[in-house]
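Listing of start_4.cif, mmCIF, C-alpha atoms
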data_coords
#
loop_
_atom_site.label_atom_id
_atom_site.label_comp_id
_atom_site.auth_asym_id
_atom_site.auth_seq_id
_atom_site.Cartn_x
_atom_site.Cartn_y
_atom_site.Cartn_z
CA MET A 85 178.38 -20.34 115.84
CA THR A 86 177.64 -20.37 112.09
CA MET A 87 180.51 -19.23 109.91
CA THR A 88 179.66 -16.73 107.16
CA ARG A 89 180.70 -18.03 103.76
CA ASP A 90 182.45 -15.78 101.30
CA THR A 91 179.91 -14.59 98.74
CA VAL A 92 180.28 -13.97 95.02
CA HIS A 93 177.60 -11.88 93.31
CA LEU A 94 177.13 -12.84 89.63
CA VAL A 95 175.49 -10.48 87.14
CA ASP A 96 174.95 -11.81 83.59
CA ASP A 97 172.00 -11.82 81.20
CA ASP A 98 172.97 -15.36 80.04
CA ALA A 99 171.14 -17.84 82.28
CA SER A 100 173.49 -20.68 81.31
CA VAL A 101 176.52 -18.63 82.42
CA LEU A 102 174.85 -17.86 85.75
CA ARG A 103 174.04 -21.53 86.36
CA GLY A 104 177.48 -22.75 85.32
CA VAL A 105 179.48 -20.21 87.33
CA ALA A 106 177.21 -20.57 90.37
CA TRP A 107 177.74 -24.35 90.32
CA LEU A 108 181.52 -23.87 90.00
CA LEU A 109 181.62 -21.49 92.94
CA ASP A 110 179.43 -23.69 95.10
CA SER A 111 181.67 -26.69 94.39
CA ALA A 112 184.62 -24.55 95.54
CA GLY A 113 182.87 -23.76 98.85
CA LEU A 114 181.77 -20.25 97.91
CA ALA A 115 178.25 -18.85 98.16
CA ALA A 116 176.85 -17.46 94.92
CA GLU A 117 174.08 -14.91 94.43
CA THR A 118 172.85 -14.54 90.84
CA TYR A 119 171.24 -11.60 89.06
CA ALA A 120 169.93 -11.53 85.49
CA SER A 121 170.55 -7.81 85.00
CA GLY A 122 172.30 -4.79 86.41
CA ASP A 123 168.96 -3.35 87.51
CA GLU A 124 168.18 -6.51 89.50
CA PHE A 125 171.57 -6.40 91.19
CA LEU A 126 171.21 -2.74 92.20
CA GLU A 127 167.71 -3.41 93.53
CA ARG A 128 168.56 -6.52 95.56
CA TYR A 129 172.16 -6.12 96.67
CA ALA A 130 173.05 -5.06 100.21
CA PRO A 131 176.65 -5.29 101.55
CA GLY A 132 177.02 -8.35 103.77
CA GLY A 133 179.15 -9.21 106.77
CA GLY A 134 181.62 -11.52 105.06
CA ALA A 135 184.08 -11.07 102.21
CA GLU A 136 182.38 -10.42 98.86
CA CYS A 137 183.16 -9.75 95.23
CA LEU A 138 181.10 -8.94 92.16
CA VAL A 139 181.51 -10.84 88.87
CA LEU A 140 179.91 -8.56 86.30
CA ASP A 141 179.29 -9.02 82.57
CA LEU A 142 180.56 -6.00 80.68
CA ARG A 143 177.94 -5.92 77.93
CA MET A 144 174.31 -6.63 78.77
CA PRO A 145 170.95 -5.51 77.38
CA GLY A 146 169.72 -2.46 79.25
CA MET A 147 172.20 -1.30 81.86
CA SER A 148 175.80 -2.10 80.91
CA GLY A 149 178.44 -3.37 83.30
CA LEU A 150 180.16 0.02 83.23
CA GLU A 151 176.90 1.72 84.24
CA VAL A 152 176.46 -0.76 87.08
CA GLN A 153 180.02 -0.01 88.18
CA ALA A 154 179.27 3.73 88.21
CA ARG A 155 176.06 3.25 90.26
CA HIS A 156 177.96 0.89 92.58
CA ALA A 157 180.53 3.62 93.28
CA GLU A 158 177.87 6.33 93.69
CA ARG A 159 176.28 4.29 96.49
CA GLY A 160 179.57 4.06 98.33
CA TRP A 161 179.93 0.30 97.87
CA SER A 162 183.48 -1.03 97.77
CA THR A 163 182.88 -4.60 96.61
CA PRO A 164 185.76 -5.63 94.29
CA ILE A 165 184.49 -6.04 90.72
CA ILE A 166 185.71 -8.62 88.20
CA PHE A 167 184.41 -7.95 84.70
CA LEU A 168 183.65 -10.70 82.19
CA THR A 169 184.43 -9.53 78.67
CA ALA A 170 183.90 -10.93 75.20
CA HIS A 171 186.38 -10.71 72.34
CA GLY A 172 187.11 -7.11 71.35
CA GLN A 173 185.98 -5.57 74.65
CA VAL A 174 189.43 -5.21 76.21
CA PRO A 175 189.50 -1.39 75.75
CA ASP A 176 186.26 -1.13 77.73
CA ALA A 177 187.67 -3.48 80.36
CA VAL A 178 190.76 -1.30 80.70
CA ALA A 179 188.48 1.71 81.18
CA ALA A 180 186.73 -0.22 83.94
CA LEU A 181 190.07 -0.90 85.62
CA LYS A 182 190.88 2.80 85.54
CA ARG A 183 187.57 3.42 87.30
CA GLY A 184 188.50 1.06 90.12
CA ALA A 185 187.59 -2.45 88.91
CA PHE A 186 189.64 -5.22 90.49
CA ASP A 187 190.23 -7.34 87.37
CA PHE A 188 188.73 -8.61 84.11
CA LEU A 189 188.52 -12.00 82.46
CA GLU A 190 187.92 -12.71 78.78
CA LYS A 191 185.30 -15.24 77.69
CA PRO A 192 185.60 -18.16 77.27
CA PHE A 193 187.57 -18.57 80.49
CA ALA A 194 188.98 -21.58 82.30
CA ASP A 195 187.37 -22.54 85.60
CA ASP A 196 190.71 -22.35 87.41
CA ALA A 197 191.35 -18.85 86.05
CA LEU A 198 187.99 -17.57 87.30
CA LEU A 199 188.40 -19.18 90.72
CA ALA A 200 191.90 -17.72 91.09
CA ARG A 201 190.67 -14.20 90.34
CA VAL A 202 187.62 -14.58 92.56
CA ARG A 203 189.71 -15.77 95.50
CA ALA A 204 192.15 -12.89 94.99
CA ALA A 205 189.24 -10.42 95.00
CA LEU A 206 187.76 -11.97 98.14
CA ASP A 207 191.13 -11.82 99.90
CA TYR A 208 191.42 -8.15 98.90
CA ASP A 209 187.92 -7.39 100.21
CA ARG A 210 188.70 -9.18 103.47
CA GLU A 211 191.88 -7.13 103.93
CA GLN A 212 190.03 -3.89 103.18
CA ARG A 213 187.32 -4.74 105.71
CA GLN A 214 189.90 -5.52 108.37
CA SER A 215 191.73 -2.25 107.69
CA ALA A 216 188.46 -0.32 107.86
CA SER A 217 187.59 -2.02 111.15
CA VAL A 218 190.97 -1.14 112.67
CA ALA A 219 190.68 2.46 111.45
CA ALA A 220 187.17 2.79 112.90
CA ASN A 221 188.40 1.43 116.23
CA VAL A 222 191.27 3.92 116.35
CA ALA A 223 188.93 6.79 115.42
CA ALA A 224 186.57 5.84 118.23
CA ARG A 225 189.43 5.78 120.75
CA ILE A 226 190.67 9.20 119.60
CA ARG A 227 187.12 10.61 119.86
CA SER A 228 186.96 9.44 123.48
CA LEU A 229 189.62 12.00 124.45
CA THR A 230 188.67 15.28 126.09
CA LYS A 231 189.54 18.48 124.27
CA ARG A 232 192.67 19.03 126.38
CA GLU A 233 193.80 15.40 126.09
CA HIS A 234 193.40 15.65 122.34
CA GLN A 235 195.36 18.89 122.21
CA VAL A 236 198.25 17.29 124.13
CA ALA A 237 198.13 14.12 122.00
CA GLU A 238 198.23 16.17 118.78
CA ARG A 239 201.26 18.11 119.99
CA VAL A 240 203.03 14.94 121.12
CA ALA A 241 202.41 13.52 117.63
CA ALA A 242 203.86 16.72 116.15
CA GLY A 243 207.10 16.01 118.02
CA MET A 244 206.80 18.80 120.57
CA ALA A 245 208.55 18.37 123.93
CA ASN A 246 206.52 18.52 127.14
CA LYS A 247 207.93 21.95 128.08
CA VAL A 248 206.99 23.34 124.65
CA ILE A 249 203.50 21.86 124.86
CA ALA A 250 203.12 23.35 128.34
CA GLN A 251 204.07 26.81 127.11
CA ASP A 252 201.81 26.48 124.07
CA LEU A 253 198.78 25.50 126.15
CA GLY A 254 199.55 27.62 129.20
CA ILE A 255 199.79 24.70 131.60
CA SER A 256 202.63 23.07 133.57
CA ALA A 257 204.88 20.34 132.16
CA ARG A 258 203.62 18.02 134.90
CA THR A 259 200.04 18.62 133.77
CA VAL A 260 201.07 17.79 130.22
CA GLU A 261 202.39 14.45 131.47
CA VAL A 262 199.08 13.78 133.24
CA TYR A 263 197.04 14.52 130.10
CA ARG A 264 199.41 12.42 127.98
CA ALA A 265 199.03 9.49 130.39
CA LYS A 266 195.23 9.82 130.27
CA ALA A 267 195.30 9.92 126.47
CA MET A 268 197.42 6.75 126.39
CA SER A 269 195.08 5.02 128.82
CA LYS A 270 191.91 5.91 126.90
CA THR A 271 193.33 4.94 123.51
CA GLY A 272 194.96 1.77 124.79
CA ALA A 273 198.37 2.92 123.57
CA HIS A 274 201.15 0.97 125.28
CA SER A 275 203.81 3.55 124.42
CA VAL A 276 204.15 7.15 123.32
CA ALA A 277 205.14 5.87 119.87
CA GLU A 278 201.87 3.93 119.60
CA LEU A 279 199.89 7.01 120.62
CA VAL A 280 201.72 9.01 117.97
CA ARG A 281 200.88 6.40 115.30
CA MET A 282 197.20 6.49 116.26
CA VAL A 283 196.99 10.27 116.07
CA ILE A 284 198.87 10.39 112.76
CA SER A 285 196.69 7.68 111.20
CA GLN A 286 193.54 9.52 112.27
CA GLU A 287 194.83 12.81 110.88
CA GLY A 288 195.64 11.04 107.59
CA ALA A 289 192.11 9.59 107.41
CA GLN A 290 190.57 13.01 108.01
CA THR A 291 192.73 14.53 105.27
CA LYS A 292 191.54 11.87 102.81
CA GLU A 293 187.91 12.60 103.71
CA VAL A 294 188.41 16.32 103.07
CA HIS A 295 190.03 15.68 99.68
CA ALA A 296 187.31 13.18 98.76
CA SER A 297 184.58 15.71 99.52
#
As C-alpha cells, how would this structure be written, given the file I've shared?
Amino acid sequence: MTMTRDTVHLVDDDASVLRGVAWLLDSAGLAAETYASGDEFLERYAPGGGAECLVLDLRMPGMSGLEVQARHAERGWSTPIIFLTAHGQVPDAVAALKRGAFDFLEKPFADDALLARVRAALDYDREQRQSASVAANVAARIRSLTKREHQVAERVAAGMANKVIAQDLGISARTVEVYRAKAMSKTGAHSVAELVRMVISQEGAQTKEVHAS
C-alpha cells in the first residue's frame, strides 16, 4: 500500500523562492506543490487525504496573501497557513494570525526555521484531521439510535436516574434499562460513562454549529 506523503503548498510570485523551498522540502521527505499566485492556488487546490499546510507569501502582485487567506476560509478549508513576510510587514502578519493563520516567518529565513514551522503545522493538521474523524464517527453512532434510544441516552447524559427517566417518558424503569443497553450496543460504548461522553461531545458539536451559523 502506498503511503501518502505530507504535502506543503507553496504560493509565491518569486520563482526562485518556489524552486528553493520546494527543493528544501523534497530533501526533507515532504511533497511540495507550487503556485505562482493566489489565483492559481485557489483554482488548483483541493484538500487531500494526508496532512497539509500552506506556505503563503504575504505580499504578491494581484491577490494578496491576506485575500487568499480570506477566500480559503470562505471555502471552508482548514489547511494551516504559514505566512512569509518581508521586513516591515509584521503588523500585517499579526492581523493574519488573528484571522486564524498558524504562524509567520520573516524573510530571509533559515532552512531549519522553515522546516520546524512546516512540521509543526503538519502535525497540527494531522491532529485536527484525527479529531474530526473521531467526531464524525461518534456522530454517526449517535445518529444510528432510534428516537426513544436517543431520548434515554440524552437523559442518562443529563444525570437523570432510571426511575426519573421512566416517569419523564411514561415508560417503566426496566424499559429504560433496555433502551440504555441498546444505545450502548449501537454506539459501541463499553460503559455508561462512555455513552455519556459520546452524547455530551455530540451536543457540544451541535452547539458550535449553531453558533457558527
Let me have the centre and edge lengths of the axis-aligned box enclosing all listed atoms of stretch 165-180 of chain A with 6 Å padding on every side, in Å to one decimal, as lines of an AutoDock Vina configuration file.
center_x = 187.2
center_y = -4.6
center_z = 81.0
size_x = 19.1
size_y = 24.6
size_z = 31.4
A:Glu151: which residues within 10 Å, counting all atoms listed in the file, same-chain residues fewer than 5 positions away excluded, as a VMD selection string?
-> chain A and resid 122 to 123 142 to 143 146 156 to 157
Print the selection's residues with C-alpha atoms to a file, as a CSV table (one decimal), in the frame of the given file.
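selection-v2.csv, freshly written:
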chain,number,residue,atom,x,y,z
A,122,GLY,CA,172.3,-4.8,86.4
A,123,ASP,CA,169.0,-3.4,87.5
A,142,LEU,CA,180.6,-6.0,80.7
A,143,ARG,CA,177.9,-5.9,77.9
A,146,GLY,CA,169.7,-2.5,79.2
A,156,HIS,CA,178.0,0.9,92.6
A,157,ALA,CA,180.5,3.6,93.3
Between atom CA of A:Arg201 and atom CA of A:Phe188, distance in Å (one decimal) =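 Interatomic distance, atom CA of A:Arg201 to atom CA of A:Phe188: 8.6 Å.
Minimum atom-to-atom distance to A:Gly172, evaluated using all atoms listed in the file, belongs to A:Lys191 out of A:Gly184, A:Glu158, A:Gly104, A:Lys191.
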Using only C-alpha atoms, determine which residues lie at most 12 Å from stretch 253-263 of chain A, disregarding the query and same-chain residues fewer than 6 positions distant; provide the list as a compact mmCIF listing (two decimals) with C-alpha atoms, in the frame of the given file.
# COMPACT_ATOMS: atom_id res chain seq x y z
CA LEU A 229 189.62 12.00 124.45
CA THR A 230 188.67 15.28 126.09
CA LYS A 231 189.54 18.48 124.27
CA ARG A 232 192.67 19.03 126.38
CA GLU A 233 193.80 15.40 126.09
CA HIS A 234 193.40 15.65 122.34
CA GLN A 235 195.36 18.89 122.21
CA VAL A 236 198.25 17.29 124.13
CA ALA A 237 198.13 14.12 122.00
CA GLU A 238 198.23 16.17 118.78
CA ARG A 239 201.26 18.11 119.99
CA VAL A 240 203.03 14.94 121.12
CA MET A 244 206.80 18.80 120.57
CA ALA A 245 208.55 18.37 123.93
CA ASN A 246 206.52 18.52 127.14
CA LYS A 247 207.93 21.95 128.08
CA SER A 269 195.08 5.02 128.82
CA LYS A 270 191.91 5.91 126.90
CA VAL A 276 204.15 7.15 123.32
Within 12 Å of A:Arg103, counting all atoms listed in the file, which residues qualify if same-chain residues fewer than 6 places away don't, as an NGL selection string?
-> :A and (94-97 or 109-110 or 116-120)
Around (183.2, -1.0, 89.5) in the file's own coordinates, what residues are found within 8 Å if you use only C-alpha atoms, given back as an NGL selection string?
-> :A and (150 or 152-154 or 156-157 or 163-165 or 180-181 or 183-186)
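When atom CA of A:Ala267 is paired with atom CA of A:Gln212, their separation reads 27.6 Å.
When the PyMOL selection byres ((chain A and resi 277) around 12) is run on the displayed coordinates, the residues it returns are A:Ala237, A:Val240, A:Ala241, A:Ala242, A:Gly243, A:Arg264, A:Met268, A:Ala273, A:His274, A:Ser275, A:Val276, A:Glu278, A:Leu279, A:Val280, A:Arg281, A:Met282, A:Val283, A:Ile284.
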